[in-house]
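**Q** One structure, as structure tokens, below. Some questions next.
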Amino acid sequence: MTDATSSSMPAVTPVPGKSSLMTQDARTRKRNAAEARFKAYGIVAIAAGMLMLLILVFNIISRGTGAFQQTFVTMEVELLEEKLDKNGNRDPADLAKVSTFGYAPLLRTAFEAKVAERGIATELEPKAMAGILSAGAAAQLRDFVLADPERIGTTVEFEFLASSRVDGYLKDRVSRDSIANDKNISAEQLDFVDQLIELGVVEKRFNLAFITGADSSDARPEAAGMGVSMMGSLFMMLVVLALALPIGVAASIYLEEFAPKNWLTDIIEVNISNLAAVPSIVFGILGLAVFINYMHLPTSAPLVGGLVLTLMTLPTIIISTRASLKAVPPSIRDAALGVGASKMQSVFHHVLPLAAPGILTGTIIGLAQALGETAPLLLIGMVGFIASNPPDSIASGLLDPNSAMPAQIYEWAKRADPAFYERAWGGIIILLLFLITMNTIAVILRRRFERRW
Amino acid sequence: MNDMRILERDVDTNAIKIAARGVQVYYGDNHAIKDVDVDIQDKTVTAFIGPSGCGKSTFLRCLNRMNDTIDICRVEGDIHIDGEDIYDKRVDPVQLRAKVGMVFQKPNPFPKSIYDNVAYGPRIHGLAKNKAELDDIVERALRRGAIWDEVKDRLHAPGTGLSGGQQQRLCIARAIATEPEVLLMDEPCSALDPIATAQVEELIDELRQNYSVVIVTHSMQQAARVSQKTAFFHLGNLVEYGETGTIFTNPEDSRTESYITGRIG
């Protein structure tokens, strides 16, 4: 309050016929109603989007988490000398002659011993008992023995993967009704499994091998893992990052800051925009024609995959880099030129650091797009390939045949066994975790760059 | 227009720093500057006045070849600084701009620290041999920019965090840190309040000791206050050029008179 006014409001006599601020006129009411309607549409649209997202996330998690758990069977197996080393001389050459087939009897014996020891009532043949194990169980024994022949003759406790049917039974995917016509497992075997569960011999646990392991053949879905295809994706991303970022940023800086504006640069601009919209499978067939058929680079190699994805990612990086260069105010360029900086100094000292957060975000979004891309990989043979071992060096990582995460997921999804279907969903969880991580890194880096001033 | 200070100030020297003859500037098909002849003296503040779009900023930007950065801009005629043709093929505009500094209409400090803003020019031109010398140059420039006392305790704070007037004085300090011979100022006070304007004007008057200052301004009062010579531009023509006192009190051309009395513009 100032000295000039008194403490009470001055009295005003209302003018008849003059509209009051206290009542809304028809026009205002109409405009307010339109605004309220528009807000409601927006909220409905967002709610619909969120609902879809929730359904998607719920679906993926409910179907995919099973893949991270696996059923294991704990068994003591006596590594009988008369089966594994008839000569008794532990000669590795002789030991290697015993095939996985030769190890199968040990498993049967182990089950017989278990039944006798724990007093399990079952009419199953020993062979049928061993049938609850993964087909890879004998190979697991053999690898163990060949690693150290001195282990022959001892009794060792093993954790075997259960077969995918038994695993499905523990995850409620397989029931006694569903296996009526199944040759791989019988109701009696499930009864036997029930008894073993009670004894704690069969149990479901977290399965690290799904994250670190390699893909497996059609017959052993329980052994399939994402690890090797993750390495494939990693090496592809390294190639993409090493090529697409420098090429893309250099091209954008030249086009945006140095190139004269004429018909040629106009054509280049239009073409870059169009390239961003080219279906990725076109890049795949280009990669097949150029990198594999013409340049004779190895098929299915992450190097080729990376080159193809680089072509695909370049337009994204160029467009986002140019946009962030354009967003730097021209006054900064003027300021730099005004104190006598050269064009290049003004770009590298002032414009580029200011554009860096945008460039970084564009690059990571481009990488994320490339990480999830499947179609071009179909054409260069990175799908349907079973890589059994993770690469042991950078060269082998780049040049040896491998798969990639989305290709692996696609591969699992098209196999017949429902156990693979579950792994496809699990693979999607891993892929999404990677994408979320990348986007988080993008946000963090962006924040850090921007917080400097 | 009556400003009491006009008559107090004389031109200290008659040495010609910049000579322009027959300068034509085209933006595409638009003829922006028409046949301008002007001699700008050393250690003098020369003001360019005129209505918006009359070409005074365009002409100013010809003097350090900032128009080179605009693709469609074409400059004809001769502009000599110290007798050397700055549009000669052998002249590198980058070298020219180190000699002819510029302050822009909107304060445009780099988004770096106050220190780095001023040190940038000396660094890229290699004016300092070591950190101590650079510190000296920065301090001297900030002192001459009349902003040292306000920022000496926060040299490493961002330059963009200063007020508008401080930012503009920082930009002036940045421009003089490279030891230019000519300082071009394109409406340096248009974004500032009256107090900051007064500070900058005082600064301009001090800078006259060492530099030839060319200032573009919309404010006739400002031209009258700070300059010794004034050039009036209208529709791309240099209408009248002479002693500031004469231009404001006794103009020859009727257009100049109309402008300074507020009838056109």
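Going through the structure tokens in order, the chains are called A, B, and so on, while each chain numbers its residues from 1 and the ligands are numbered from 1 in the order shown.
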Compile a residue-level contact table for chain B against chain A at a cut-off of 7 Å, reporting for every qualifying residue the shortest atom pair and its distance in Å to one decimal, with only C-alpha atoms counted, rows ordered by chain and ascending number, as JSON lines.
**A**
```
{"residue": "B:Val94", "atom": "CA", "partner": "A:Gly340", "partner_atom": "CA", "distance": 5.0}
{"residue": "B:Gln95", "atom": "CA", "partner": "A:Gly340", "partner_atom": "CA", "distance": 6.5}
{"residue": "B:Arg97", "atom": "CA", "partner": "A:Gly340", "partner_atom": "CA", "distance": 4.7}
{"residue": "B:Ala98", "atom": "CA", "partner": "A:Gly340", "partner_atom": "CA", "distance": 4.5}
{"residue": "B:Gly101", "atom": "CA", "partner": "A:Val339", "partner_atom": "CA", "distance": 6.0}
{"residue": "B:Met102", "atom": "CA", "partner": "A:Gly338", "partner_atom": "CA", "distance": 5.3}
{"residue": "B:Asn108", "atom": "CA", "partner": "A:Ser331", "partner_atom": "CA", "distance": 6.0}
{"residue": "B:Phe110", "atom": "CA", "partner": "A:Ile332", "partner_atom": "CA", "distance": 6.4}
{"residue": "B:Pro111", "atom": "CA", "partner": "A:Trp453", "partner_atom": "CA", "distance": 6.6}
{"residue": "B:Gly121", "atom": "CA", "partner": "A:Val339", "partner_atom": "CA", "distance": 5.6}
{"residue": "B:Ile124", "atom": "CA", "partner": "A:Ala341", "partner_atom": "CA", "distance": 6.9}
{"residue": "B:Pro158", "atom": "CA", "partner": "A:Trp453", "partner_atom": "CA", "distance": 6.5}
{"residue": "B:Ala175", "atom": "CA", "partner": "A:Val339", "partner_atom": "CA", "distance": 5.9}
```
**Q** Export N, CA and C atoms of the chosen residues as a PDB file, in the first residue's frame?
**A**
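again-v9.pdb, written as the output of this step:
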```pdb
ATOM      1  N   VAL B  94      41.210 -13.662 -42.175  1.00  0.00           N
ATOM      2  CA  VAL B  94      41.457 -13.995 -40.775  1.00  0.00           C
ATOM      3  C   VAL B  94      42.494 -13.042 -40.173  1.00  0.00           C
ATOM      4  N   GLN B  95      43.558 -12.773 -40.948  1.00  0.00           N
ATOM      5  CA  GLN B  95      44.604 -11.844 -40.506  1.00  0.00           C
ATOM      6  C   GLN B  95      44.054 -10.423 -40.388  1.00  0.00           C
ATOM      7  N   ARG B  97      40.997  -9.591 -39.711  1.00  0.00           N
ATOM      8  CA  ARG B  97      40.089  -9.441 -38.571  1.00  0.00           C
ATOM      9  C   ARG B  97      40.833  -9.365 -37.246  1.00  0.00           C
ATOM     10  N   ALA B  98      42.065  -9.865 -37.227  1.00  0.00           N
ATOM     11  CA  ALA B  98      42.860  -9.688 -36.012  1.00  0.00           C
ATOM     12  C   ALA B  98      43.259  -8.224 -35.878  1.00  0.00           C
ATOM     13  N   GLY B 101      39.172  -5.311 -35.117  1.00  0.00           N
ATOM     14  CA  GLY B 101      38.297  -6.047 -34.201  1.00  0.00           C
ATOM     15  C   GLY B 101      36.858  -5.609 -34.344  1.00  0.00           C
ATOM     16  N   MET B 102      35.956  -6.439 -33.813  1.00  0.00           N
ATOM     17  CA  MET B 102      34.543  -6.102 -33.978  1.00  0.00           C
ATOM     18  C   MET B 102      33.752  -6.430 -32.719  1.00  0.00           C
ATOM     19  N   ASN B 108      27.767 -11.192 -27.277  1.00  0.00           N
ATOM     20  CA  ASN B 108      27.863 -12.610 -27.622  1.00  0.00           C
ATOM     21  C   ASN B 108      29.116 -13.248 -27.026  1.00  0.00           C
ATOM     22  N   PHE B 110      31.477 -16.062 -25.531  1.00  0.00           N
ATOM     23  CA  PHE B 110      31.510 -17.511 -25.701  1.00  0.00           C
ATOM     24  C   PHE B 110      30.994 -18.161 -24.424  1.00  0.00           C
ATOM     25  N   PRO B 111      30.361 -19.299 -24.516  1.00  0.00           N
ATOM     26  CA  PRO B 111      29.926 -19.987 -23.289  1.00  0.00           C
ATOM     27  C   PRO B 111      31.108 -20.630 -22.579  1.00  0.00           C
ATOM     28  N   GLY B 121      41.385 -14.875 -28.187  1.00  0.00           N
ATOM     29  CA  GLY B 121      42.053 -14.213 -29.308  1.00  0.00           C
ATOM     30  C   GLY B 121      43.565 -14.277 -29.199  1.00  0.00           C
ATOM     31  N   ILE B 124      44.858 -17.827 -29.990  1.00  0.00           N
ATOM     32  CA  ILE B 124      44.917 -18.313 -31.372  1.00  0.00           C
ATOM     33  C   ILE B 124      45.886 -17.497 -32.216  1.00  0.00           C
ATOM     34  N   PRO B 158      31.486 -18.436 -15.680  1.00  0.00           N
ATOM     35  CA  PRO B 158      31.083 -18.310 -17.081  1.00  0.00           C
ATOM     36  C   PRO B 158      30.753 -16.878 -17.472  1.00  0.00           C
ATOM     37  N   ALA B 175      37.591  -8.026 -27.735  1.00  0.00           N
ATOM     38  CA  ALA B 175      37.991  -7.494 -29.039  1.00  0.00           C
ATOM     39  C   ALA B 175      39.326  -6.764 -28.946  1.00  0.00           C
TER      40      ALA B 175
END
```
**Q** What's the 9 Å shell around Pro93 in chain B, counting only C-alpha atoms, without same-chain residues fewer than 6 positions away, as a list in words?
**A**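 Near Pro93 in chain B, the qualifying residues are Gly340 and Ser342 of chain A; Asn64, Arg65, Met66, Asp68, Ile86 and Tyr87 of chain B.
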**Q** Next, the residues of the selection above should be written as a PDB file, in the first residue's frame with N, CA and C atoms.
**A**
```pdb
ATOM      1  N   GLY A 340      39.228 -12.880 -35.033  1.00  0.00           N
ATOM      2  CA  GLY A 340      40.266 -13.330 -35.941  1.00  0.00           C
ATOM      3  C   GLY A 340      40.500 -14.831 -35.951  1.00  0.00           C
ATOM      4  N   SER A 342      39.984 -18.530 -37.548  1.00  0.00           N
ATOM      5  CA  SER A 342      39.673 -19.018 -38.883  1.00  0.00           C
ATOM      6  C   SER A 342      38.360 -19.785 -38.797  1.00  0.00           C
TER       7      SER A 342
ATOM      8  N   ASN B  64      35.868  -5.224 -42.117  1.00  0.00           N
ATOM      9  CA  ASN B  64      36.689  -6.366 -41.695  1.00  0.00           C
ATOM     10  C   ASN B  64      36.287  -7.633 -42.446  1.00  0.00           C
ATOM     11  N   ARG B  65      35.634  -7.433 -43.550  1.00  0.00           N
ATOM     12  CA  ARG B  65      35.252  -8.532 -44.453  1.00  0.00           C
ATOM     13  C   ARG B  65      34.391  -9.584 -43.769  1.00  0.00           C
ATOM     14  N   MET B  66      33.561  -9.175 -42.801  1.00  0.00           N
ATOM     15  CA  MET B  66      32.611 -10.124 -42.216  1.00  0.00           C
ATOM     16  C   MET B  66      31.541 -10.508 -43.233  1.00  0.00           C
ATOM     17  N   ASP B  68      32.061 -11.565 -46.026  1.00  0.00           N
ATOM     18  CA  ASP B  68      32.518 -12.761 -46.745  1.00  0.00           C
ATOM     19  C   ASP B  68      31.759 -14.001 -46.301  1.00  0.00           C
ATOM     20  N   ILE B  86      42.270  -4.141 -48.648  1.00  0.00           N
ATOM     21  CA  ILE B  86      41.895  -5.330 -47.853  1.00  0.00           C
ATOM     22  C   ILE B  86      41.135  -6.349 -48.679  1.00  0.00           C
ATOM     23  N   TYR B  87      40.674  -5.965 -49.882  1.00  0.00           N
ATOM     24  CA  TYR B  87      39.990  -6.951 -50.724  1.00  0.00           C
ATOM     25  C   TYR B  87      40.934  -7.543 -51.766  1.00  0.00           C
TER      26      TYR B  87
END
```
**Q** Point out the residue among B:Gly28, B:Pro180, B:Gly242, B:Gly77 with the least atom-to-atom distance to Phe59 in chain B, counting only C-alpha atoms.
**A**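 So, comparing all the options, the nearest one is B:Gly77.
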**Q** When DSSP is applied to the backbone of this structure, which of range 68-139 of chain B are assigned helix (DSSP H, G or I)? Write them out as a PDB file with N, CA and C atoms, in the first residue's frame.
**A**
```
ATOM      1  N   ASP B  68      32.061 -11.565 -46.026  1.00  0.00           N
ATOM      2  CA  ASP B  68      32.518 -12.761 -46.745  1.00  0.00           C
ATOM      3  C   ASP B  68      31.759 -14.001 -46.301  1.00  0.00           C
ATOM      4  N   THR B  69      31.274 -13.987 -45.042  1.00  0.00           N
ATOM      5  CA  THR B  69      30.611 -15.195 -44.543  1.00  0.00           C
ATOM      6  C   THR B  69      29.189 -15.316 -45.076  1.00  0.00           C
ATOM      7  N   PRO B  93      41.397 -12.915 -44.836  1.00  0.00           N
ATOM      8  CA  PRO B  93      40.451 -12.207 -43.975  1.00  0.00           C
ATOM      9  C   PRO B  93      40.689 -12.474 -42.491  1.00  0.00           C
ATOM     10  N   VAL B  94      41.210 -13.662 -42.175  1.00  0.00           N
ATOM     11  CA  VAL B  94      41.457 -13.995 -40.775  1.00  0.00           C
ATOM     12  C   VAL B  94      42.494 -13.042 -40.173  1.00  0.00           C
ATOM     13  N   GLN B  95      43.558 -12.773 -40.948  1.00  0.00           N
ATOM     14  CA  GLN B  95      44.604 -11.844 -40.506  1.00  0.00           C
ATOM     15  C   GLN B  95      44.054 -10.423 -40.388  1.00  0.00           C
ATOM     16  N   LEU B  96      43.195 -10.091 -41.357  1.00  0.00           N
ATOM     17  CA  LEU B  96      42.589  -8.753 -41.346  1.00  0.00           C
ATOM     18  C   LEU B  96      41.765  -8.554 -40.075  1.00  0.00           C
ATOM     19  N   ARG B  97      40.997  -9.591 -39.711  1.00  0.00           N
ATOM     20  CA  ARG B  97      40.089  -9.441 -38.571  1.00  0.00           C
ATOM     21  C   ARG B  97      40.833  -9.365 -37.246  1.00  0.00           C
ATOM     22  N   ALA B  98      42.065  -9.865 -37.227  1.00  0.00           N
ATOM     23  CA  ALA B  98      42.860  -9.688 -36.012  1.00  0.00           C
ATOM     24  C   ALA B  98      43.259  -8.224 -35.878  1.00  0.00           C
ATOM     25  N   LYS B  99      43.372  -7.526 -37.008  1.00  0.00           N
ATOM     26  CA  LYS B  99      43.788  -6.131 -37.022  1.00  0.00           C
ATOM     27  C   LYS B  99      42.583  -5.197 -36.853  1.00  0.00           C
ATOM     28  N   ILE B 114      35.088 -16.192 -18.151  1.00  0.00           N
ATOM     29  CA  ILE B 114      35.442 -14.804 -18.483  1.00  0.00           C
ATOM     30  C   ILE B 114      36.873 -14.758 -18.985  1.00  0.00           C
ATOM     31  N   TYR B 115      37.741 -15.469 -18.261  1.00  0.00           N
ATOM     32  CA  TYR B 115      39.155 -15.505 -18.630  1.00  0.00           C
ATOM     33  C   TYR B 115      39.329 -16.051 -20.044  1.00  0.00           C
ATOM     34  N   ASP B 116      38.692 -17.194 -20.312  1.00  0.00           N
ATOM     35  CA  ASP B 116      38.861 -17.834 -21.621  1.00  0.00           C
ATOM     36  C   ASP B 116      38.291 -16.979 -22.743  1.00  0.00           C
ATOM     37  N   ASN B 117      37.227 -16.235 -22.440  1.00  0.00           N
ATOM     38  CA  ASN B 117      36.670 -15.341 -23.442  1.00  0.00           C
ATOM     39  C   ASN B 117      37.711 -14.351 -23.929  1.00  0.00           C
ATOM     40  N   VAL B 118      38.406 -13.742 -22.977  1.00  0.00           N
ATOM     41  CA  VAL B 118      39.378 -12.714 -23.337  1.00  0.00           C
ATOM     42  C   VAL B 118      40.646 -13.358 -23.882  1.00  0.00           C
ATOM     43  N   ALA B 119      41.009 -14.515 -23.307  1.00  0.00           N
ATOM     44  CA  ALA B 119      42.275 -15.144 -23.686  1.00  0.00           C
ATOM     45  C   ALA B 119      42.203 -15.810 -25.053  1.00  0.00           C
ATOM     46  N   TYR B 120      40.969 -16.018 -25.553  1.00  0.00           N
ATOM     47  CA  TYR B 120      40.840 -16.796 -26.790  1.00  0.00           C
ATOM     48  C   TYR B 120      41.608 -16.177 -27.958  1.00  0.00           C
ATOM     49  N   GLY B 121      41.385 -14.875 -28.187  1.00  0.00           N
ATOM     50  CA  GLY B 121      42.053 -14.213 -29.308  1.00  0.00           C
ATOM     51  C   GLY B 121      43.565 -14.277 -29.199  1.00  0.00           C
ATOM     52  N   PRO B 122      44.144 -13.796 -28.052  1.00  0.00           N
ATOM     53  CA  PRO B 122      45.601 -13.885 -27.885  1.00  0.00           C
ATOM     54  C   PRO B 122      46.122 -15.309 -28.066  1.00  0.00           C
ATOM     55  N   ARG B 123      45.349 -16.308 -27.618  1.00  0.00           N
ATOM     56  CA  ARG B 123      45.804 -17.695 -27.750  1.00  0.00           C
ATOM     57  C   ARG B 123      45.914 -18.084 -29.212  1.00  0.00           C
ATOM     58  N   ILE B 124      44.858 -17.827 -29.990  1.00  0.00           N
ATOM     59  CA  ILE B 124      44.917 -18.313 -31.372  1.00  0.00           C
ATOM     60  C   ILE B 124      45.886 -17.497 -32.216  1.00  0.00           C
ATOM     61  N   HIS B 125      46.193 -16.271 -31.769  1.00  0.00           N
ATOM     62  CA  HIS B 125      47.170 -15.494 -32.525  1.00  0.00           C
ATOM     63  C   HIS B 125      48.574 -15.633 -31.953  1.00  0.00           C
ATOM     64  N   LYS B 131      51.879 -18.608 -19.593  1.00  0.00           N
ATOM     65  CA  LYS B 131      50.664 -18.351 -18.821  1.00  0.00           C
ATOM     66  C   LYS B 131      50.700 -16.956 -18.183  1.00  0.00           C
ATOM     67  N   ALA B 132      51.860 -16.561 -17.683  1.00  0.00           N
ATOM     68  CA  ALA B 132      51.949 -15.276 -16.991  1.00  0.00           C
ATOM     69  C   ALA B 132      51.673 -14.133 -17.963  1.00  0.00           C
ATOM     70  N   GLU B 133      52.235 -14.238 -19.165  1.00  0.00           N
ATOM     71  CA  GLU B 133      51.996 -13.204 -20.162  1.00  0.00           C
ATOM     72  C   GLU B 133      50.531 -13.129 -20.543  1.00  0.00           C
ATOM     73  N   LEU B 134      49.944 -14.325 -20.677  1.00  0.00           N
ATOM     74  CA  LEU B 134      48.531 -14.381 -21.040  1.00  0.00           C
ATOM     75  C   LEU B 134      47.684 -13.735 -19.936  1.00  0.00           C
ATOM     76  N   ASP B 135      48.046 -14.055 -18.685  1.00  0.00           N
ATOM     77  CA  ASP B 135      47.331 -13.444 -17.558  1.00  0.00           C
ATOM     78  C   ASP B 135      47.410 -11.925 -17.649  1.00  0.00           C
ATOM     79  N   ASP B 136      48.599 -11.419 -17.988  1.00  0.00           N
ATOM     80  CA  ASP B 136      48.801  -9.976 -18.128  1.00  0.00           C
ATOM     81  C   ASP B 136      47.897  -9.383 -19.198  1.00  0.00           C
ATOM     82  N   ILE B 137      47.905 -10.055 -20.362  1.00  0.00           N
ATOM     83  CA  ILE B 137      47.101  -9.552 -21.484  1.00  0.00           C
ATOM     84  C   ILE B 137      45.628  -9.511 -21.094  1.00  0.00           C
ATOM     85  N   VAL B 138      45.180 -10.585 -20.425  1.00  0.00           N
ATOM     86  CA  VAL B 138      43.775 -10.656 -20.040  1.00  0.00           C
ATOM     87  C   VAL B 138      43.450  -9.536 -19.063  1.00  0.00           C
ATOM     88  N   GLU B 139      44.343  -9.351 -18.088  1.00  0.00           N
ATOM     89  CA  GLU B 139      44.066  -8.307 -17.097  1.00  0.00           C
ATOM     90  C   GLU B 139      44.027  -6.928 -17.759  1.00  0.00           C
TER      91      GLU B 139
END
```
**Q** Do you have, as JSON lines, the list of residues of range 198-307 of chain A lying at most 9 Å from range 155-162 of chain A, each with its nearest atom pair and that distance in Å to one decimal, counting only C-alpha atoms and ordered by chain then number?
**A**
```
{"residue": "A:Val202", "atom": "CA", "partner": "A:Ala162", "partner_atom": "CA", "distance": 8.1}
{"residue": "A:Glu222", "atom": "CA", "partner": "A:Leu161", "partner_atom": "CA", "distance": 7.0}
{"residue": "A:Ala223", "atom": "CA", "partner": "A:Leu161", "partner_atom": "CA", "distance": 7.5}
```
**Q** Those selected residues, please, written with C-alpha atoms and delivered as an mmCIF file, in the first residue's frame.
**A**
```cif
data_model
loop_
_atom_site.group_PDB
_atom_site.id
_atom_site.type_symbol
_atom_site.label_atom_id
_atom_site.label_comp_id
_atom_site.auth_asym_id
_atom_site.auth_seq_id
_atom_site.Cartn_x
_atom_site.Cartn_y
_atom_site.Cartn_z
ATOM 1 C CA VAL A 202 15.482 -81.488 -9.109
ATOM 2 C CA GLU A 222 17.530 -75.807 -22.289
ATOM 3 C CA ALA A 223 21.173 -75.085 -23.142
#
```
**Q** Counting only C-alpha atoms, which of A:Asp191, A:Glu112, A:Asp25, A:Glu373 gets nearest to Ile281 in chain A?
**A** A:Glu373
**Q** Would you mind reading off the distance between CA of Ser186 in chain A and CA of Thr65 in chain A, one decimal, in Å?
**A** 26.5 Å
**Q** So, with only C-alpha atoms as the atoms that count, which of B:Pro107, B:Gly236, B:Gly83, B:Gly161 lies closest to Asp186 in chain B?
**A**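 Checking each of B:Pro107, B:Gly236, B:Gly83, B:Gly161 against Asp186 in chain B, counting only C-alpha atoms, the winner is B:Pro107.
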**Q** Compile the contact shell of Ile319 in chain A as a list in words: residues with an atom at most 8 Å away, counting only C-alpha atoms, same-chain residues fewer than 4 positions apart removed.
**A**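 Once the adjacent positions are removed, what remains is Ser252, Ile272, Ser273, Pro315 and Ala323 of chain A.
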**Q** Export, as an mmCIF file, in the first residue's frame, the selected residues with C-alpha atoms.
**A**
```cif
data_model
loop_
_atom_site.group_PDB
_atom_site.id
_atom_site.type_symbol
_atom_site.label_atom_id
_atom_site.label_comp_id
_atom_site.auth_asym_id
_atom_site.auth_seq_id
_atom_site.Cartn_x
_atom_site.Cartn_y
_atom_site.Cartn_z
ATOM 1 C CA SER A 252 27.818 -32.876 -41.401
ATOM 2 C CA ILE A 272 20.736 -37.927 -47.241
ATOM 3 C CA SER A 273 17.206 -37.278 -46.053
ATOM 4 C CA PRO A 315 21.963 -40.671 -42.374
ATOM 5 C CA ALA A 323 20.378 -30.143 -36.734
#
```
**Q** With a distance cut-off of 10 Å and only C-alpha atoms, select the neighbouring residues of range 207-210 of chain B, excluding the residue or stretch itself and same-chain residues fewer than 5 positions from it, and output the selection as a list of chain:residue names.
**A** B:Asp12, B:Asp42, B:Lys43, B:Thr44, B:Val45, B:Thr46, B:Arg144, B:Gly145, B:Ile176, B:Glu179, B:Pro180, B:Glu181, B:Val182, B:Leu183, B:Glu201, B:Glu202, B:Val226, B:Ser227
**Q** Could you turn the residues from that selection into a file that holds N, CA and C atoms, as a PDB file, in the first residue's frame?
**A**
```
ATOM      1  N   ASP B  12      41.926  14.451 -32.952  1.00  0.00           N
ATOM      2  CA  ASP B  12      43.299  14.593 -32.495  1.00  0.00           C
ATOM      3  C   ASP B  12      44.311  14.528 -33.627  1.00  0.00           C
ATOM      4  N   ASP B  42      42.476   8.094 -38.002  1.00  0.00           N
ATOM      5  CA  ASP B  42      43.034   7.320 -36.899  1.00  0.00           C
ATOM      6  C   ASP B  42      42.733   8.023 -35.572  1.00  0.00           C
ATOM      7  N   LYS B  43      42.662   7.239 -34.501  1.00  0.00           N
ATOM      8  CA  LYS B  43      42.435   7.761 -33.149  1.00  0.00           C
ATOM      9  C   LYS B  43      41.249   8.730 -33.099  1.00  0.00           C
ATOM     10  N   THR B  44      40.188   8.275 -33.730  1.00  0.00           N
ATOM     11  CA  THR B  44      38.981   9.089 -33.837  1.00  0.00           C
ATOM     12  C   THR B  44      37.783   8.155 -33.675  1.00  0.00           C
ATOM     13  N   VAL B  45      36.711   8.651 -33.096  1.00  0.00           N
ATOM     14  CA  VAL B  45      35.472   7.870 -33.096  1.00  0.00           C
ATOM     15  C   VAL B  45      34.622   8.381 -34.240  1.00  0.00           C
ATOM     16  N   THR B  46      34.311   7.495 -35.165  1.00  0.00           N
ATOM     17  CA  THR B  46      33.474   7.855 -36.299  1.00  0.00           C
ATOM     18  C   THR B  46      32.127   7.158 -36.136  1.00  0.00           C
ATOM     19  N   ARG B 144      41.106  -2.234 -19.574  1.00  0.00           N
ATOM     20  CA  ARG B 144      40.739  -1.266 -20.602  1.00  0.00           C
ATOM     21  C   ARG B 144      39.269  -1.388 -20.975  1.00  0.00           C
ATOM     22  N   GLY B 145      38.712  -2.580 -20.795  1.00  0.00           N
ATOM     23  CA  GLY B 145      37.286  -2.773 -21.048  1.00  0.00           C
ATOM     24  C   GLY B 145      36.443  -2.281 -19.886  1.00  0.00           C
ATOM     25  N   ILE B 176      39.583  -6.068 -27.807  1.00  0.00           N
ATOM     26  CA  ILE B 176      40.833  -5.305 -27.747  1.00  0.00           C
ATOM     27  C   ILE B 176      41.994  -6.144 -27.233  1.00  0.00           C
ATOM     28  N   GLU B 179      44.868  -6.675 -29.574  1.00  0.00           N
ATOM     29  CA  GLU B 179      45.568  -5.471 -30.011  1.00  0.00           C
ATOM     30  C   GLU B 179      45.210  -5.088 -31.433  1.00  0.00           C
ATOM     31  N   PRO B 180      43.932  -4.853 -31.714  1.00  0.00           N
ATOM     32  CA  PRO B 180      43.579  -4.436 -33.072  1.00  0.00           C
ATOM     33  C   PRO B 180      43.963  -2.974 -33.272  1.00  0.00           C
ATOM     34  N   GLU B 181      43.913  -2.515 -34.506  1.00  0.00           N
ATOM     35  CA  GLU B 181      44.200  -1.105 -34.782  1.00  0.00           C
ATOM     36  C   GLU B 181      42.914  -0.327 -34.997  1.00  0.00           C
ATOM     37  N   VAL B 182      41.905  -1.081 -35.436  1.00  0.00           N
ATOM     38  CA  VAL B 182      40.599  -0.463 -35.661  1.00  0.00           C
ATOM     39  C   VAL B 182      39.579  -1.287 -34.882  1.00  0.00           C
ATOM     40  N   LEU B 183      38.609  -0.608 -34.270  1.00  0.00           N
ATOM     41  CA  LEU B 183      37.569  -1.324 -33.553  1.00  0.00           C
ATOM     42  C   LEU B 183      36.228  -0.953 -34.170  1.00  0.00           C
ATOM     43  N   GLU B 201      29.842   4.011 -23.349  1.00  0.00           N
ATOM     44  CA  GLU B 201      30.213   5.238 -24.075  1.00  0.00           C
ATOM     45  C   GLU B 201      31.482   5.857 -23.509  1.00  0.00           C
ATOM     46  N   GLU B 202      31.573   5.842 -22.197  1.00  0.00           N
ATOM     47  CA  GLU B 202      32.773   6.359 -21.543  1.00  0.00           C
ATOM     48  C   GLU B 202      33.991   5.564 -22.016  1.00  0.00           C
ATOM     49  N   VAL B 226      29.527  10.529 -28.407  1.00  0.00           N
ATOM     50  CA  VAL B 226      30.804   9.807 -28.438  1.00  0.00           C
ATOM     51  C   VAL B 226      31.686  10.130 -29.631  1.00  0.00           C
ATOM     52  N   SER B 227      31.134  10.653 -30.713  1.00  0.00           N
ATOM     53  CA  SER B 227      31.939  10.680 -31.940  1.00  0.00           C
ATOM     54  C   SER B 227      32.510  12.056 -32.244  1.00  0.00           C
TER      55      SER B 227
END
```
**Q** Quick one: residues within 9 Å of Pro188 in chain B, only C-alpha atoms counted, chain neighbours fewer than 4 positions away excluded, as a count of residues only?
**A** 12
**Q** Give me the residues near range 287-294 of chain A as a compact mmCIF listing (two decimals) with C-alpha atoms, in the first residue's frame, where near means some atom within 9 Å (using only C-alpha atoms) and where sequence neighbours in that chain fewer than 2 positions away do not count.
**A**
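Written file, part.txt:
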```
# COMPACT_ATOMS: atom_id res chain seq x y z
CA VAL A 282 17.83 -52.57 -48.91
CA PHE A 283 21.04 -51.85 -47.05
CA GLY A 284 21.26 -55.59 -46.35
CA ILE A 285 21.14 -56.51 -50.01
CA HIS A 296 34.73 -61.18 -50.59
CA LEU A 297 34.53 -60.36 -46.91
CA PRO A 298 33.51 -63.37 -44.81
CA THR A 299 29.83 -64.24 -44.64
CA VAL A 304 30.16 -57.06 -42.53
CA GLY A 305 27.15 -56.59 -40.26
CA LEU A 307 29.55 -52.09 -42.26
CA VAL A 308 25.94 -52.57 -43.35
CA LEU A 311 25.46 -47.35 -43.95
CA PRO A 376 19.82 -56.46 -43.08
CA LEU A 379 20.79 -61.09 -46.05
CA ILE A 380 24.39 -61.30 -44.94
CA GLY A 381 23.91 -64.61 -43.18
```
